Structures are given as C-alpha cells and as structure tokens.
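Student: Just so it is clear, I am handing over protein_18.cif, which has mmCIF, N, CA and C atoms.
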data_upload
#
loop_
_atom_site.group_PDB
_atom_site.id
_atom_site.type_symbol
_atom_site.label_atom_id
_atom_site.label_comp_id
_atom_site.auth_asym_id
_atom_site.auth_seq_id
_atom_site.Cartn_x
_atom_site.Cartn_y
_atom_site.Cartn_z
ATOM 1 N N MET Y 158 38.119 65.882 47.006
ATOM 2 C CA MET Y 158 38.575 64.511 47.089
ATOM 3 C C MET Y 158 37.445 63.651 47.654
ATOM 4 N N THR Y 159 37.226 62.517 47.035
ATOM 5 C CA THR Y 159 36.155 61.633 47.445
ATOM 6 C C THR Y 159 36.723 60.486 48.271
ATOM 7 N N ALA Y 160 36.055 60.200 49.377
ATOM 8 C CA ALA Y 160 36.475 59.073 50.220
ATOM 9 C C ALA Y 160 36.037 57.768 49.572
ATOM 10 N N VAL Y 161 36.889 56.803 49.623
ATOM 11 C CA VAL Y 161 36.579 55.488 49.083
ATOM 12 C C VAL Y 161 36.406 54.527 50.250
ATOM 13 N N CYS Y 162 35.299 53.858 50.235
ATOM 14 C CA CYS Y 162 35.003 52.906 51.303
ATOM 15 C C CYS Y 162 35.206 51.499 50.754
ATOM 16 N N VAL Y 163 36.051 50.749 51.395
ATOM 17 C CA VAL Y 163 36.318 49.386 50.960
ATOM 18 C C VAL Y 163 35.911 48.437 52.071
ATOM 19 N N ARG Y 164 35.104 47.489 51.718
ATOM 20 C CA ARG Y 164 34.688 46.492 52.712
ATOM 21 C C ARG Y 164 35.614 45.289 52.576
ATOM 22 N N ILE Y 165 36.276 44.963 53.634
ATOM 23 C CA ILE Y 165 37.178 43.820 53.644
ATOM 24 C C ILE Y 165 36.485 42.695 54.383
ATOM 25 N N ARG Y 166 36.338 41.582 53.699
ATOM 26 C CA ARG Y 166 35.705 40.456 54.379
ATOM 27 C C ARG Y 166 36.765 39.706 55.161
ATOM 28 N N PRO Y 167 36.412 39.245 56.329
ATOM 29 C CA PRO Y 167 37.379 38.477 57.112
ATOM 30 C C PRO Y 167 37.748 37.188 56.371
ATOM 31 N N MET Y 168 38.966 36.771 56.571
ATOM 32 C CA MET Y 168 39.423 35.552 55.919
ATOM 33 C C MET Y 168 38.666 34.350 56.476
ATOM 34 N N ASP Y 169 38.230 33.506 55.598
ATOM 35 C CA ASP Y 169 37.544 32.272 55.973
ATOM 36 C C ASP Y 169 38.534 31.378 56.722
ATOM 37 N N PRO Y 170 38.138 30.806 57.854
ATOM 38 C CA PRO Y 170 39.050 29.930 58.607
ATOM 39 C C PRO Y 170 39.611 28.782 57.766
ATOM 40 N N LEU Y 171 38.823 28.270 56.812
ATOM 41 C CA LEU Y 171 39.333 27.209 55.947
ATOM 42 C C LEU Y 171 40.424 27.723 55.024
ATOM 43 N N ASP Y 172 40.293 28.969 54.571
ATOM 44 C CA ASP Y 172 41.345 29.574 53.754
ATOM 45 C C ASP Y 172 42.630 29.687 54.563
ATOM 46 N N GLU Y 173 42.485 30.095 55.819
ATOM 47 C CA GLU Y 173 43.660 30.217 56.690
ATOM 48 C C GLU Y 173 44.338 28.867 56.876
ATOM 49 N N LEU Y 174 43.540 27.823 57.118
ATOM 50 C CA LEU Y 174 44.106 26.481 57.292
ATOM 51 C C LEU Y 174 44.799 26.016 56.018
ATOM 52 N N ASN Y 175 44.166 26.248 54.884
ATOM 53 C CA ASN Y 175 44.748 25.846 53.614
ATOM 54 C C ASN Y 175 46.053 26.593 53.358
ATOM 55 N N ASN Y 176 46.080 27.881 53.648
ATOM 56 C CA ASN Y 176 47.300 28.671 53.461
ATOM 57 C C ASN Y 176 48.417 28.166 54.367
ATOM 58 N N ASP Y 177 48.078 27.844 55.615
ATOM 59 C CA ASP Y 177 49.073 27.326 56.556
ATOM 60 C C ASP Y 177 49.603 25.977 56.077
ATOM 61 N N LEU Y 178 48.704 25.114 55.631
ATOM 62 C CA LEU Y 178 49.108 23.801 55.136
ATOM 63 C C LEU Y 178 50.027 23.949 53.929
ATOM 64 N N GLU Y 179 49.669 24.801 52.989
ATOM 65 C CA GLU Y 179 50.504 25.026 51.802
ATOM 66 C C GLU Y 179 51.885 25.546 52.191
ATOM 67 N N LYS Y 180 51.931 26.466 53.140
ATOM 68 C CA LYS Y 180 53.216 27.014 53.599
ATOM 69 C C LYS Y 180 54.099 25.922 54.187
ATOM 70 N N ARG Y 181 53.497 25.096 55.030
ATOM 71 C CA ARG Y 181 54.248 24.008 55.663
ATOM 72 C C ARG Y 181 54.739 22.998 54.627
ATOM 73 N N ILE Y 182 53.871 22.647 53.702
ATOM 74 C CA ILE Y 182 54.245 21.685 52.668
ATOM 75 C C ILE Y 182 55.360 22.246 51.793
ATOM 76 N N ASN Y 183 55.249 23.501 51.418
ATOM 77 C CA ASN Y 183 56.251 24.109 50.541
ATOM 78 C C ASN Y 183 57.622 24.235 51.196
ATOM 79 N N ALA Y 184 57.678 24.155 52.512
ATOM 80 C CA ALA Y 184 58.952 24.231 53.228
ATOM 81 C C ALA Y 184 59.682 22.884 53.247
ATOM 82 N N LEU Y 185 59.001 21.819 52.830
ATOM 83 C CA LEU Y 185 59.605 20.484 52.831
ATOM 84 C C LEU Y 185 60.470 20.272 51.592
ATOM 85 N N PRO Y 186 61.412 19.331 51.686
ATOM 86 C CA PRO Y 186 62.153 18.933 50.475
ATOM 87 C C PRO Y 186 61.186 18.351 49.443
ATOM 88 N N GLU Y 187 61.595 18.339 48.183
ATOM 89 C CA GLU Y 187 60.700 17.988 47.078
ATOM 90 C C GLU Y 187 59.979 16.646 47.251
ATOM 91 N N ARG Y 188 60.693 15.608 47.593
ATOM 92 C CA ARG Y 188 60.071 14.277 47.710
ATOM 93 C C ARG Y 188 58.985 14.280 48.788
ATOM 94 N N LYS Y 189 59.289 14.844 49.936
ATOM 95 C CA LYS Y 189 58.324 14.913 51.032
ATOM 96 C C LYS Y 189 57.159 15.820 50.660
ATOM 97 N N ARG Y 190 57.465 16.892 49.956
ATOM 98 C CA ARG Y 190 56.419 17.823 49.516
ATOM 99 C C ARG Y 190 55.424 17.101 48.603
ATOM 100 N N LYS Y 191 55.930 16.295 47.677
ATOM 101 C CA LYS Y 191 55.052 15.554 46.771
ATOM 102 C C LYS Y 191 54.182 14.567 47.538
ATOM 103 N N MET Y 192 54.791 13.890 48.530
ATOM 104 C CA MET Y 192 54.023 12.953 49.362
ATOM 105 C C MET Y 192 52.854 13.654 50.046
ATOM 106 N N MET Y 193 53.125 14.798 50.651
ATOM 107 C CA MET Y 193 52.089 15.488 51.424
ATOM 108 C C MET Y 193 51.045 16.137 50.533
ATOM 109 N N ARG Y 194 51.440 16.549 49.345
ATOM 110 C CA ARG Y 194 50.445 17.097 48.420
ATOM 111 C C ARG Y 194 49.452 16.001 48.017
ATOM 112 N N LEU Y 195 49.930 14.774 47.857
ATOM 113 C CA LEU Y 195 49.024 13.657 47.578
ATOM 114 C C LEU Y 195 48.173 13.336 48.803
ATOM 115 N N ARG Y 196 48.816 13.309 49.951
ATOM 116 C CA ARG Y 196 48.120 12.940 51.198
ATOM 117 C C ARG Y 196 46.907 13.825 51.447
ATOM 118 N N PHE Y 197 47.050 15.118 51.162
ATOM 119 C CA PHE Y 197 45.988 16.080 51.476
ATOM 120 C C PHE Y 197 45.196 16.531 50.245
ATOM 121 N N GLY Y 198 45.352 15.820 49.133
ATOM 122 C CA GLY Y 198 44.529 16.090 47.961
ATOM 123 C C GLY Y 198 44.882 17.347 47.203
ATOM 124 N N LEU Y 199 46.072 17.869 47.418
ATOM 125 C CA LEU Y 199 46.451 19.106 46.746
ATOM 126 C C LEU Y 199 47.036 18.859 45.361
ATOM 127 N N ALA Y 200 47.373 17.619 45.064
ATOM 128 C CA ALA Y 200 47.962 17.296 43.768
ATOM 129 C C ALA Y 200 46.893 16.984 42.728
ATOM 130 N N ASP Y 201 45.893 16.198 43.132
ATOM 131 C CA ASP Y 201 44.911 15.735 42.155
ATOM 132 C C ASP Y 201 43.464 15.807 42.656
ATOM 133 N N GLY Y 202 43.269 16.431 43.820
ATOM 134 C CA GLY Y 202 41.923 16.566 44.365
ATOM 135 C C GLY Y 202 41.439 15.341 45.121
ATOM 136 N N MET Y 203 42.274 14.309 45.202
ATOM 137 C CA MET Y 203 41.903 13.092 45.912
ATOM 138 C C MET Y 203 42.837 12.893 47.096
ATOM 139 N N LEU Y 204 42.278 12.475 48.223
ATOM 140 C CA LEU Y 204 43.087 12.179 49.400
ATOM 141 C C LEU Y 204 43.674 10.778 49.244
ATOM 142 N N TRP Y 205 44.976 10.684 49.256
ATOM 143 C CA TRP Y 205 45.638 9.386 49.139
ATOM 144 C C TRP Y 205 45.857 8.822 50.531
ATOM 145 N N ASP Y 206 45.759 7.505 50.669
ATOM 146 C CA ASP Y 206 46.069 6.907 51.973
ATOM 147 C C ASP Y 206 47.556 6.563 52.045
ATOM 148 N N LEU Y 207 47.995 6.251 53.259
ATOM 149 C CA LEU Y 207 49.417 6.005 53.504
ATOM 150 C C LEU Y 207 49.960 4.885 52.614
ATOM 151 N N ARG Y 208 49.184 3.826 52.473
ATOM 152 C CA ARG Y 208 49.624 2.673 51.686
ATOM 153 C C ARG Y 208 49.886 3.048 50.230
ATOM 154 N N ASP Y 209 48.968 3.809 49.645
ATOM 155 C CA ASP Y 209 49.115 4.177 48.234
ATOM 156 C C ASP Y 209 50.287 5.130 48.017
ATOM 157 N N ILE Y 210 50.476 6.050 48.944
ATOM 158 C CA ILE Y 210 51.618 6.966 48.840
ATOM 159 C C ILE Y 210 52.914 6.185 48.980
ATOM 160 N N ALA Y 211 52.962 5.273 49.942
ATOM 161 C CA ALA Y 211 54.160 4.462 50.148
ATOM 162 C C ALA Y 211 54.485 3.662 48.883
ATOM 163 N N ARG Y 212 53.465 3.104 48.275
ATOM 164 C CA ARG Y 212 53.663 2.334 47.042
ATOM 165 C C ARG Y 212 54.186 3.240 45.921
ATOM 166 N N GLU Y 213 53.614 4.420 45.791
ATOM 167 C CA GLU Y 213 54.022 5.372 44.745
ATOM 168 C C GLU Y 213 55.480 5.795 44.895
ATOM 169 N N PHE Y 214 55.946 5.919 46.141
ATOM 170 C CA PHE Y 214 57.306 6.395 46.405
ATOM 171 C C PHE Y 214 58.260 5.270 46.802
ATOM 172 N N ASP Y 215 57.823 4.034 46.629
ATOM 173 C CA ASP Y 215 58.647 2.867 46.925
ATOM 174 C C ASP Y 215 59.243 2.938 48.338
ATOM 175 N N THR Y 216 58.365 3.124 49.296
ATOM 176 C CA THR Y 216 58.753 3.192 50.702
ATOM 177 C C THR Y 216 57.683 2.491 51.528
ATOM 178 N N ASP Y 217 57.713 2.705 52.834
ATOM 179 C CA ASP Y 217 56.676 2.100 53.667
ATOM 180 C C ASP Y 217 55.796 3.181 54.300
ATOM 181 N N ARG Y 218 54.687 2.735 54.864
ATOM 182 C CA ARG Y 218 53.731 3.680 55.456
ATOM 183 C C ARG Y 218 54.350 4.467 56.605
ATOM 184 N N ASP Y 219 55.259 3.841 57.342
ATOM 185 C CA ASP Y 219 55.882 4.540 58.468
ATOM 186 C C ASP Y 219 56.639 5.785 58.025
ATOM 187 N N GLU Y 220 57.334 5.697 56.886
ATOM 188 C CA GLU Y 220 58.050 6.882 56.405
ATOM 189 C C GLU Y 220 57.068 8.003 56.067
ATOM 190 N N VAL Y 221 55.976 7.647 55.414
ATOM 191 C CA VAL Y 221 54.972 8.658 55.056
ATOM 192 C C VAL Y 221 54.381 9.265 56.326
ATOM 193 N N ARG Y 222 54.108 8.433 57.298
ATOM 194 C CA ARG Y 222 53.561 8.901 58.579
ATOM 195 C C ARG Y 222 54.549 9.858 59.267
ATOM 196 N N LYS Y 223 55.836 9.539 59.196
ATOM 197 C CA LYS Y 223 56.849 10.405 59.806
ATOM 198 C C LYS Y 223 56.906 11.769 59.108
ATOM 199 N N VAL Y 224 56.756 11.765 57.795
ATOM 200 C CA VAL Y 224 56.726 13.034 57.063
ATOM 201 C C VAL Y 224 55.517 13.847 57.513
ATOM 202 N N GLU Y 225 54.388 13.183 57.673
ATOM 203 C CA GLU Y 225 53.171 13.864 58.140
ATOM 204 C C GLU Y 225 53.386 14.460 59.531
ATOM 205 N N GLU Y 226 54.036 13.687 60.410
ATOM 206 C CA GLU Y 226 54.334 14.198 61.752
ATOM 207 C C GLU Y 226 55.289 15.386 61.685
ATOM 208 N N GLU Y 227 56.270 15.312 60.803
ATOM 209 C CA GLU Y 227 57.223 16.406 60.619
ATOM 210 C C GLU Y 227 56.489 17.668 60.142
ATOM 211 N N LEU Y 228 55.517 17.463 59.282
ATOM 212 C CA LEU Y 228 54.761 18.581 58.731
ATOM 213 C C LEU Y 228 54.036 19.363 59.828
ATOM 214 N N PHE Y 229 53.489 18.654 60.799
ATOM 215 C CA PHE Y 229 52.695 19.311 61.833
ATOM 216 C C PHE Y 229 53.421 19.521 63.139
ATOM 217 N N GLY Y 230 54.642 19.018 63.249
ATOM 218 C CA GLY Y 230 55.416 19.232 64.472
ATOM 219 C C GLY Y 230 55.920 20.669 64.527
ATOM 220 N N ASP Y 231 55.734 21.287 65.654
ATOM 221 C CA ASP Y 231 56.209 22.678 65.805
ATOM 222 C C ASP Y 231 57.404 22.742 66.709
#
For the structure just supplied, provide its representation as structure tokens.

Tutor:
Amino acid sequence: MTAVCVRIRPMDPLDELNNDLEKRINALPERKRKMMRLRFGLADGMLWDLRDIAREFDTDRDEVRKVEEELFGD
C-alpha cells in the first residue's frame, strides 16, 4: 500500500470573509438578500450605494442601512 501525501493550503482570510458574508446574506429574506447582494457587489460585481439600492427597491436609505446592520448584528 502506498501512502498518499496531500498538501492542504490554509484557507485565504478573504475566502473566509466572503463565505461568512454569503452565509449571512443567504439567511435573509429574499428582498433583503437582494439588497445586500447589490450592496456588496455580489450581484453584478459593482458596489451599490445606499441611495441607488433604495431607489431600486422603492424605499429609503435608512431601511437599507437597517438591513446592513441586521446582517452584521450578532
């Protein structure tokens, strides 16, 4: 029997952050999830600002900000 040596590279800290962000976003209801995917550039590769997201979802910046706070509140 031959031993197999596998080198495992440590996870990149940015990968960990991205995975955590995706997990948190995916736990939100659909509307909030869409807002946060735009906010962090996960929908189209561009970071949207609060004003543009609010306009897209026919709401105000405060609601978008509250969703962002909800996303990171533990």

Student: Determine the residue set returned by the PyMOL selection byres (((chain Y and resi 220 and name CA) around 12) and name CA) for the present structure, and present it as an mmCIF file with N, CA and C atoms, in the coordinates of the input.

Tutor:
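Resulting contents of selection-v7.cif:
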data_model
loop_
_atom_site.group_PDB
_atom_site.id
_atom_site.type_symbol
_atom_site.label_atom_id
_atom_site.label_comp_id
_atom_site.auth_asym_id
_atom_site.auth_seq_id
_atom_site.Cartn_x
_atom_site.Cartn_y
_atom_site.Cartn_z
ATOM 1 N N ARG Y 188 60.693 15.608 47.593
ATOM 2 C CA ARG Y 188 60.071 14.277 47.710
ATOM 3 C C ARG Y 188 58.985 14.280 48.788
ATOM 4 N N LYS Y 189 59.289 14.844 49.936
ATOM 5 C CA LYS Y 189 58.324 14.913 51.032
ATOM 6 C C LYS Y 189 57.159 15.820 50.660
ATOM 7 N N MET Y 192 54.791 13.890 48.530
ATOM 8 C CA MET Y 192 54.023 12.953 49.362
ATOM 9 C C MET Y 192 52.854 13.654 50.046
ATOM 10 N N MET Y 193 53.125 14.798 50.651
ATOM 11 C CA MET Y 193 52.089 15.488 51.424
ATOM 12 C C MET Y 193 51.045 16.137 50.533
ATOM 13 N N LEU Y 207 47.995 6.251 53.259
ATOM 14 C CA LEU Y 207 49.417 6.005 53.504
ATOM 15 C C LEU Y 207 49.960 4.885 52.614
ATOM 16 N N ARG Y 208 49.184 3.826 52.473
ATOM 17 C CA ARG Y 208 49.624 2.673 51.686
ATOM 18 C C ARG Y 208 49.886 3.048 50.230
ATOM 19 N N ILE Y 210 50.476 6.050 48.944
ATOM 20 C CA ILE Y 210 51.618 6.966 48.840
ATOM 21 C C ILE Y 210 52.914 6.185 48.980
ATOM 22 N N ALA Y 211 52.962 5.273 49.942
ATOM 23 C CA ALA Y 211 54.160 4.462 50.148
ATOM 24 C C ALA Y 211 54.485 3.662 48.883
ATOM 25 N N ARG Y 212 53.465 3.104 48.275
ATOM 26 C CA ARG Y 212 53.663 2.334 47.042
ATOM 27 C C ARG Y 212 54.186 3.240 45.921
ATOM 28 N N PHE Y 214 55.946 5.919 46.141
ATOM 29 C CA PHE Y 214 57.306 6.395 46.405
ATOM 30 C C PHE Y 214 58.260 5.270 46.802
ATOM 31 N N ASP Y 215 57.823 4.034 46.629
ATOM 32 C CA ASP Y 215 58.647 2.867 46.925
ATOM 33 C C ASP Y 215 59.243 2.938 48.338
ATOM 34 N N THR Y 216 58.365 3.124 49.296
ATOM 35 C CA THR Y 216 58.753 3.192 50.702
ATOM 36 C C THR Y 216 57.683 2.491 51.528
ATOM 37 N N ASP Y 217 57.713 2.705 52.834
ATOM 38 C CA ASP Y 217 56.676 2.100 53.667
ATOM 39 C C ASP Y 217 55.796 3.181 54.300
ATOM 40 N N ARG Y 218 54.687 2.735 54.864
ATOM 41 C CA ARG Y 218 53.731 3.680 55.456
ATOM 42 C C ARG Y 218 54.350 4.467 56.605
ATOM 43 N N ASP Y 219 55.259 3.841 57.342
ATOM 44 C CA ASP Y 219 55.882 4.540 58.468
ATOM 45 C C ASP Y 219 56.639 5.785 58.025
ATOM 46 N N VAL Y 221 55.976 7.647 55.414
ATOM 47 C CA VAL Y 221 54.972 8.658 55.056
ATOM 48 C C VAL Y 221 54.381 9.265 56.326
ATOM 49 N N ARG Y 222 54.108 8.433 57.298
ATOM 50 C CA ARG Y 222 53.561 8.901 58.579
ATOM 51 C C ARG Y 222 54.549 9.858 59.267
ATOM 52 N N LYS Y 223 55.836 9.539 59.196
ATOM 53 C CA LYS Y 223 56.849 10.405 59.806
ATOM 54 C C LYS Y 223 56.906 11.769 59.108
ATOM 55 N N VAL Y 224 56.756 11.765 57.795
ATOM 56 C CA VAL Y 224 56.726 13.034 57.063
ATOM 57 C C VAL Y 224 55.517 13.847 57.513
ATOM 58 N N GLU Y 225 54.388 13.183 57.673
ATOM 59 C CA GLU Y 225 53.171 13.864 58.140
ATOM 60 C C GLU Y 225 53.386 14.460 59.531
ATOM 61 N N GLU Y 226 54.036 13.687 60.410
ATOM 62 C CA GLU Y 226 54.334 14.198 61.752
ATOM 63 C C GLU Y 226 55.289 15.386 61.685
ATOM 64 N N GLU Y 227 56.270 15.312 60.803
ATOM 65 C CA GLU Y 227 57.223 16.406 60.619
ATOM 66 C C GLU Y 227 56.489 17.668 60.142
#

Student: Going by DSSP on the backbone, which residues of chain Y come out as alpha helix (DSSP H)? List them as a ChimeraX atom specification.

Tutor: /Y:170-183,187-196,207-213,218-229

Student: Selection from above, N, CA and C atoms, as a compact mmCIF listing (two decimals), in the frame of the given file, can you write it?

Tutor:
# COMPACT_ATOMS: atom_id res chain seq x y z
N PRO Y 170 38.14 30.81 57.85
CA PRO Y 170 39.05 29.93 58.61
C PRO Y 170 39.61 28.78 57.77
N LEU Y 171 38.82 28.27 56.81
CA LEU Y 171 39.33 27.21 55.95
C LEU Y 171 40.42 27.72 55.02
N ASP Y 172 40.29 28.97 54.57
CA ASP Y 172 41.34 29.57 53.75
C ASP Y 172 42.63 29.69 54.56
N GLU Y 173 42.48 30.10 55.82
CA GLU Y 173 43.66 30.22 56.69
C GLU Y 173 44.34 28.87 56.88
N LEU Y 174 43.54 27.82 57.12
CA LEU Y 174 44.11 26.48 57.29
C LEU Y 174 44.80 26.02 56.02
N ASN Y 175 44.17 26.25 54.88
CA ASN Y 175 44.75 25.85 53.61
C ASN Y 175 46.05 26.59 53.36
N ASN Y 176 46.08 27.88 53.65
CA ASN Y 176 47.30 28.67 53.46
C ASN Y 176 48.42 28.17 54.37
N ASP Y 177 48.08 27.84 55.62
CA ASP Y 177 49.07 27.33 56.56
C ASP Y 177 49.60 25.98 56.08
N LEU Y 178 48.70 25.11 55.63
CA LEU Y 178 49.11 23.80 55.14
C LEU Y 178 50.03 23.95 53.93
N GLU Y 179 49.67 24.80 52.99
CA GLU Y 179 50.50 25.03 51.80
C GLU Y 179 51.88 25.55 52.19
N LYS Y 180 51.93 26.47 53.14
CA LYS Y 180 53.22 27.01 53.60
C LYS Y 180 54.10 25.92 54.19
N ARG Y 181 53.50 25.10 55.03
CA ARG Y 181 54.25 24.01 55.66
C ARG Y 181 54.74 23.00 54.63
N ILE Y 182 53.87 22.65 53.70
CA ILE Y 182 54.24 21.68 52.67
C ILE Y 182 55.36 22.25 51.79
N ASN Y 183 55.25 23.50 51.42
CA ASN Y 183 56.25 24.11 50.54
C ASN Y 183 57.62 24.24 51.20
N GLU Y 187 61.60 18.34 48.18
CA GLU Y 187 60.70 17.99 47.08
C GLU Y 187 59.98 16.65 47.25
N ARG Y 188 60.69 15.61 47.59
CA ARG Y 188 60.07 14.28 47.71
C ARG Y 188 58.98 14.28 48.79
N LYS Y 189 59.29 14.84 49.94
CA LYS Y 189 58.32 14.91 51.03
C LYS Y 189 57.16 15.82 50.66
N ARG Y 190 57.46 16.89 49.96
CA ARG Y 190 56.42 17.82 49.52
C ARG Y 190 55.42 17.10 48.60
N LYS Y 191 55.93 16.30 47.68
CA LYS Y 191 55.05 15.55 46.77
C LYS Y 191 54.18 14.57 47.54
N MET Y 192 54.79 13.89 48.53
CA MET Y 192 54.02 12.95 49.36
C MET Y 192 52.85 13.65 50.05
N MET Y 193 53.12 14.80 50.65
CA MET Y 193 52.09 15.49 51.42
C MET Y 193 51.04 16.14 50.53
N ARG Y 194 51.44 16.55 49.34
CA ARG Y 194 50.44 17.10 48.42
C ARG Y 194 49.45 16.00 48.02
N LEU Y 195 49.93 14.77 47.86
CA LEU Y 195 49.02 13.66 47.58
C LEU Y 195 48.17 13.34 48.80
N ARG Y 196 48.82 13.31 49.95
CA ARG Y 196 48.12 12.94 51.20
C ARG Y 196 46.91 13.82 51.45
N LEU Y 207 48.00 6.25 53.26
CA LEU Y 207 49.42 6.00 53.50
C LEU Y 207 49.96 4.88 52.61
N ARG Y 208 49.18 3.83 52.47
CA ARG Y 208 49.62 2.67 51.69
C ARG Y 208 49.89 3.05 50.23
N ASP Y 209 48.97 3.81 49.64
CA ASP Y 209 49.12 4.18 48.23
C ASP Y 209 50.29 5.13 48.02
N ILE Y 210 50.48 6.05 48.94
CA ILE Y 210 51.62 6.97 48.84
C ILE Y 210 52.91 6.18 48.98
N ALA Y 211 52.96 5.27 49.94
CA ALA Y 211 54.16 4.46 50.15
C ALA Y 211 54.48 3.66 48.88
N ARG Y 212 53.46 3.10 48.28
CA ARG Y 212 53.66 2.33 47.04
C ARG Y 212 54.19 3.24 45.92
N GLU Y 213 53.61 4.42 45.79
CA GLU Y 213 54.02 5.37 44.74
C GLU Y 213 55.48 5.80 44.90
N ARG Y 218 54.69 2.74 54.86
CA ARG Y 218 53.73 3.68 55.46
C ARG Y 218 54.35 4.47 56.60
N ASP Y 219 55.26 3.84 57.34
CA ASP Y 219 55.88 4.54 58.47
C ASP Y 219 56.64 5.78 58.02
N GLU Y 220 57.33 5.70 56.89
CA GLU Y 220 58.05 6.88 56.40
C GLU Y 220 57.07 8.00 56.07
N VAL Y 221 55.98 7.65 55.41
CA VAL Y 221 54.97 8.66 55.06
C VAL Y 221 54.38 9.26 56.33
N ARG Y 222 54.11 8.43 57.30
CA ARG Y 222 53.56 8.90 58.58
C ARG Y 222 54.55 9.86 59.27
N LYS Y 223 55.84 9.54 59.20
CA LYS Y 223 56.85 10.40 59.81
C LYS Y 223 56.91 11.77 59.11
N VAL Y 224 56.76 11.76 57.80
CA VAL Y 224 56.73 13.03 57.06
C VAL Y 224 55.52 13.85 57.51
N GLU Y 225 54.39 13.18 57.67
CA GLU Y 225 53.17 13.86 58.14
C GLU Y 225 53.39 14.46 59.53
N GLU Y 226 54.04 13.69 60.41
CA GLU Y 226 54.33 14.20 61.75
C GLU Y 226 55.29 15.39 61.68
N GLU Y 227 56.27 15.31 60.80
CA GLU Y 227 57.22 16.41 60.62
C GLU Y 227 56.49 17.67 60.14
N LEU Y 228 55.52 17.46 59.28
CA LEU Y 228 54.76 18.58 58.73
C LEU Y 228 54.04 19.36 59.83
N PHE Y 229 53.49 18.65 60.80
CA PHE Y 229 52.70 19.31 61.83
C PHE Y 229 53.42 19.52 63.14

Student: Would you work out the distance separating atom C of Y:Asn183 from atom CA of Y:Leu204, expressed in Å to one decimal?

Tutor: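 Answer for the atom C of Y:Asn183 to atom CA of Y:Leu204 separation: 19.0 Å.
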
Student: So what do you get for atom CA of Y:Glu187 versus atom C of Y:Asp172, distance-wise?

Tutor: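 Distance between the two atoms: 22.8 Å.
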
Student: For the atom pair atom CA of Y:Leu199 and atom CA of Y:Asn176, what is the interatomic distance in Å to one decimal place?

Tutor: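 Computing the Euclidean distance for atom CA of Y:Leu199 and atom CA of Y:Asn176 yields 11.7 Å.
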
Student: How big is the axis-aligned box around the listed atoms of stretch 192-200 of chain Y once 6 Å is added on each side, and where is its centre? Give both in Å to one decimal, as lines of an AutoDock Vina configuration file.

Tutor:
center_x = 49.7
center_y = 16.0
center_z = 47.1
size_x = 22.3
size_y = 18.2
size_z = 20.7
